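Q: Pasting a structure below so you can have a look.
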There are 2 protein chains.
Amino acid sequence: MDLAEALEKIMSGLGYGRTIIVVGRMHAHYAGRSTSWLAEGDRLLIIKSDKSILTHRPTGYESVNWQPPGVVINAQITEEGLVLECNRKSPPEILRIVITEVYSAEYYRLVDNGEFIIHAREEDMKAAIINSPDIVEPGLRIVETERRIGDEYIDILAVDSSGQIVIIEIKRKRATCRDVEQIVNYATQVEKELGRKPRKILAAPSLSKEAASLNTVLRVEYKCFSPRLAYEILSKKKGLDRFL
Amino acid sequence: MDLAEALEKIMSGLGYGRTIIVVGRMHAHYAGRSTSWLAEGDRLLIIKSDKSILTHRPTGYESVNWQPPGVVINAQITEEGLVLECNRKSPPEILRIVITEVYSAEYYRLVDNGEFIIHAREEDMKAAIINSPDIVEPGLRIVETERRIGDEYIDILAVDSSGQIVIIEIKRKRATCRDVEQIVNYATQVEKELGRKPRKILAAPSLSKEAASLNTVLRVEYKCFSPRLAYEILSKKKGLDRFL
DNA sequence: AAATCGATATCGTAG
DNA sequence: CTACGATGTCGATTT
């Protein structure tokens, strides 16, 4: 396809607020928060209806150059080729893409109001424990969630069957030493504020070796709890299994 | 375009190792590290030559569903529509995309060996200071980089014109209280190990208000230093300005 | 394989 | 606007 023809497609697509797809040979330069140069190669260029722009190389799932929605796009043909200049004010950034060959250029009117539902985030794990505290320990009662301690928040504050305060820190991935230190800091603050030493429970799908030994030293308890288990609990409770 | 026709395109593209672009109406379900459901809408589906797969909605620069390179892709037509099942073994994940309508399906042979050069990362900022320590302070001499302190690393260890030890911590973004705490921890460790109180310099493009007052209290010095300045220094030193 | 750290991270939320 | 945590974070590097 001719560069002039492609430019016309791009201008029309931009004017109508369409999603534009260009396949071709191009190089790019970015300057802003960082600075990058990408030499020439065959790539896929997408300009979306919200004026976000991205280019994909033929391998790897991530885009290589991009600008988020709301940039000002200027397109013109120079001696270099079809030049797209994408400017953003805050933060000041510029992405300059030079297309030297076009294999295909087309735009589409895409309508997408599909709801996106995601489960088994840390938030969902918390919801599962609040729904079914017994999975952490029989007899556990939830007292408070998101309690502010200093300038941080404790995931869950509870009381065990013997009346002792329990701090629960949830992690959706393998817990690290950093996570152990975090819950110990919370415990120190809670003891200061409430005058009683709380139990500390780290709920995570697994525990790193170093974190495990640190746990022993610092008297932090570990409860194996995975995002998947949380999802299953929530599914049973709320009938979310229709998504499986 | 017919679903059967689109399936043929996809199968051919997969067989030839091409980059496939499908524009159409689809919905998707993901299960693996998390679980998600995306209701029907018009989207762009890309299967790359390395068999990474991604879908884009018509807004926002990020992909909504994806699988990294090396998944096993199974495509077939069922009563639901054109179904793509993308399986990964480690971690166990499955992405199931159901295409109900196809507006366009094409594949391309894309060759992209273009070199990608990126500057002004934290690493480049460190290189700039090592090259030109004077930009931090006249008379500064670099002693060591990446010195291990406990289980962490100090960006730069130096000595000032009066012979005092200087710890430099580099941040490419606005420095926060957390960063101030980090350099103070390093200083404590250095004092323990070397028996001398070091100066502490935080080199970053800006400083949050809270971090500024924390700096005063904890005697941490602040040196304004941006990725862009680092880039300019390195450009002059190494002739990298050909990229601008 | 596990852990750590940086990223043009992005994104949401609370203050 | 700023700060901070979560992310299917991803990706590279080191142990």
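Following the order of the structure tokens, first chain is A, next is B, and so on, with residues numbered from 1 inside each chain and ligands from 1 in the order they appear.
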Using DSSP secondary structure from the backbone, list all strand (DSSP E) positions within segment 41-238 of chain A, as a PyMOL selection string.
A: chain A and resi 41-47+53-56+65-67+72-77+82-88+93-108+116-119+141-149+152-159+165-170+199-204+221-224
Q: I need the chain B residues near chain C as number ranges by chain; criterion: at most 10 Å, counting only C-alpha atoms (C1' of nucleotides).
A: B: 61-62, 118, 120-123, 151-152
Q: Residues of chain B near chain A: apply a cut-off of 6 Å, count only C-alpha atoms, and supply the list as a VMD selection string.
A: chain B and resid 34 to 42 48 50 52 58 to 59 61 68 110 to 112 114 to 120
Q: Within 10 Å of chain A, which residues of chain D are there when counting only C-alpha atoms (C1' of nucleotides)? Please give them as a list in words.
A: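 The contacting residues on chain D are DC4, DG5, DA6, DT7, DG8 and DC10 of chain D.
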Q: What gap, in Å, lies between atom CA of Ala230 of chain B and atom CA of Ala128 of chain B?
A: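 Rounded to one decimal, the two atoms are 5.4 Å apart.
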Q: Between atom CA of Gln182 of chain B and atom CA of Thr176 of chain A, what is the spacing in Å?
A: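 One can read the atom CA of Thr176 of chain A to atom CA of Gln182 of chain B distance as 17.5 Å.
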Q: Which parts of segment 49-239 of chain A does DSSP call helix (DSSP H, G or I) when run on the backbone here, written out as a PyMOL selection string?
A: chain A and resi 122-131+133-135+177-194+209-218+227-238
Q: Using only C-alpha atoms, please write the residues we just selected to a file, as a PDB file, in the first residue's frame.
A:
ATOM      1  CA  GLU A 122      -5.719 -10.015  47.335  1.00  0.00           C
ATOM      2  CA  GLU A 123      -9.033  -8.212  47.848  1.00  0.00           C
ATOM      3  CA  ASP A 124     -10.915 -11.435  47.073  1.00  0.00           C
ATOM      4  CA  MET A 125      -8.721 -13.409  49.472  1.00  0.00           C
ATOM      5  CA  LYS A 126      -9.638 -10.933  52.182  1.00  0.00           C
ATOM      6  CA  ALA A 127     -13.326 -11.232  51.319  1.00  0.00           C
ATOM      7  CA  ALA A 128     -13.062 -15.021  51.590  1.00  0.00           C
ATOM      8  CA  ILE A 129     -11.515 -14.842  55.073  1.00  0.00           C
ATOM      9  CA  ILE A 130     -14.126 -12.310  56.206  1.00  0.00           C
ATOM     10  CA  ASN A 131     -16.829 -14.658  54.879  1.00  0.00           C
ATOM     11  CA  PRO A 133     -12.829 -16.945  59.202  1.00  0.00           C
ATOM     12  CA  ASP A 134     -12.761 -20.641  60.140  1.00  0.00           C
ATOM     13  CA  ILE A 135     -10.506 -21.400  57.185  1.00  0.00           C
ATOM     14  CA  CYS A 177      11.062 -11.641  54.437  1.00  0.00           C
ATOM     15  CA  ARG A 178       9.721  -8.193  53.631  1.00  0.00           C
ATOM     16  CA  ASP A 179       6.194  -9.390  54.301  1.00  0.00           C
ATOM     17  CA  VAL A 180       7.276 -10.902  57.631  1.00  0.00           C
ATOM     18  CA  GLU A 181       8.891  -7.605  58.635  1.00  0.00           C
ATOM     19  CA  GLN A 182       5.724  -5.774  57.651  1.00  0.00           C
ATOM     20  CA  ILE A 183       3.460  -7.820  59.922  1.00  0.00           C
ATOM     21  CA  VAL A 184       5.958  -7.556  62.792  1.00  0.00           C
ATOM     22  CA  ASN A 185       5.901  -3.769  62.406  1.00  0.00           C
ATOM     23  CA  TYR A 186       2.115  -3.819  62.532  1.00  0.00           C
ATOM     24  CA  ALA A 187       2.244  -5.959  65.679  1.00  0.00           C
ATOM     25  CA  THR A 188       4.598  -3.486  67.345  1.00  0.00           C
ATOM     26  CA  GLN A 189       2.225  -0.629  66.532  1.00  0.00           C
ATOM     27  CA  VAL A 190      -0.835  -2.581  67.698  1.00  0.00           C
ATOM     28  CA  GLU A 191       0.884  -3.394  70.995  1.00  0.00           C
ATOM     29  CA  LYS A 192       1.673   0.324  71.453  1.00  0.00           C
ATOM     30  CA  GLU A 193      -1.887   1.390  70.683  1.00  0.00           C
ATOM     31  CA  LEU A 194      -3.846  -1.364  72.414  1.00  0.00           C
ATOM     32  CA  LYS A 209      12.803 -20.413  53.099  1.00  0.00           C
ATOM     33  CA  GLU A 210      14.263 -17.225  54.545  1.00  0.00           C
ATOM     34  CA  ALA A 211      10.809 -15.974  55.475  1.00  0.00           C
ATOM     35  CA  ALA A 212      10.116 -19.292  57.227  1.00  0.00           C
ATOM     36  CA  SER A 213      13.145 -19.008  59.490  1.00  0.00           C
ATOM     37  CA  LEU A 214      12.421 -15.343  60.105  1.00  0.00           C
ATOM     38  CA  ASN A 215       8.898 -16.406  61.071  1.00  0.00           C
ATOM     39  CA  THR A 216      10.266 -18.771  63.718  1.00  0.00           C
ATOM     40  CA  VAL A 217      12.522 -16.085  65.180  1.00  0.00           C
ATOM     41  CA  LEU A 218       9.857 -13.389  65.198  1.00  0.00           C
ATOM     42  CA  PRO A 227      -6.107 -17.266  45.696  1.00  0.00           C
ATOM     43  CA  ARG A 228      -7.653 -20.406  44.212  1.00  0.00           C
ATOM     44  CA  LEU A 229      -9.031 -21.539  47.591  1.00  0.00           C
ATOM     45  CA  ALA A 230     -10.378 -18.040  48.098  1.00  0.00           C
ATOM     46  CA  TYR A 231     -12.068 -18.206  44.717  1.00  0.00           C
ATOM     47  CA  GLU A 232     -13.634 -21.549  45.566  1.00  0.00           C
ATOM     48  CA  ILE A 233     -14.952 -20.250  48.885  1.00  0.00           C
ATOM     49  CA  LEU A 234     -16.422 -17.168  47.258  1.00  0.00           C
ATOM     50  CA  SER A 235     -17.927 -19.259  44.467  1.00  0.00           C
ATOM     51  CA  LYS A 236     -19.757 -21.466  46.950  1.00  0.00           C
ATOM     52  CA  LYS A 237     -20.902 -18.530  49.040  1.00  0.00           C
ATOM     53  CA  LYS A 238     -22.047 -16.296  46.267  1.00  0.00           C
TER      54      LYS A 238
END
Q: Quick one: distance from atom CA of Ala105 of chain A to atom CA of Leu82 of chain A in Å, one decimal?
A: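 For atom CA of Ala105 of chain A relative to atom CA of Leu82 of chain A, the distance reads 12.2 Å.
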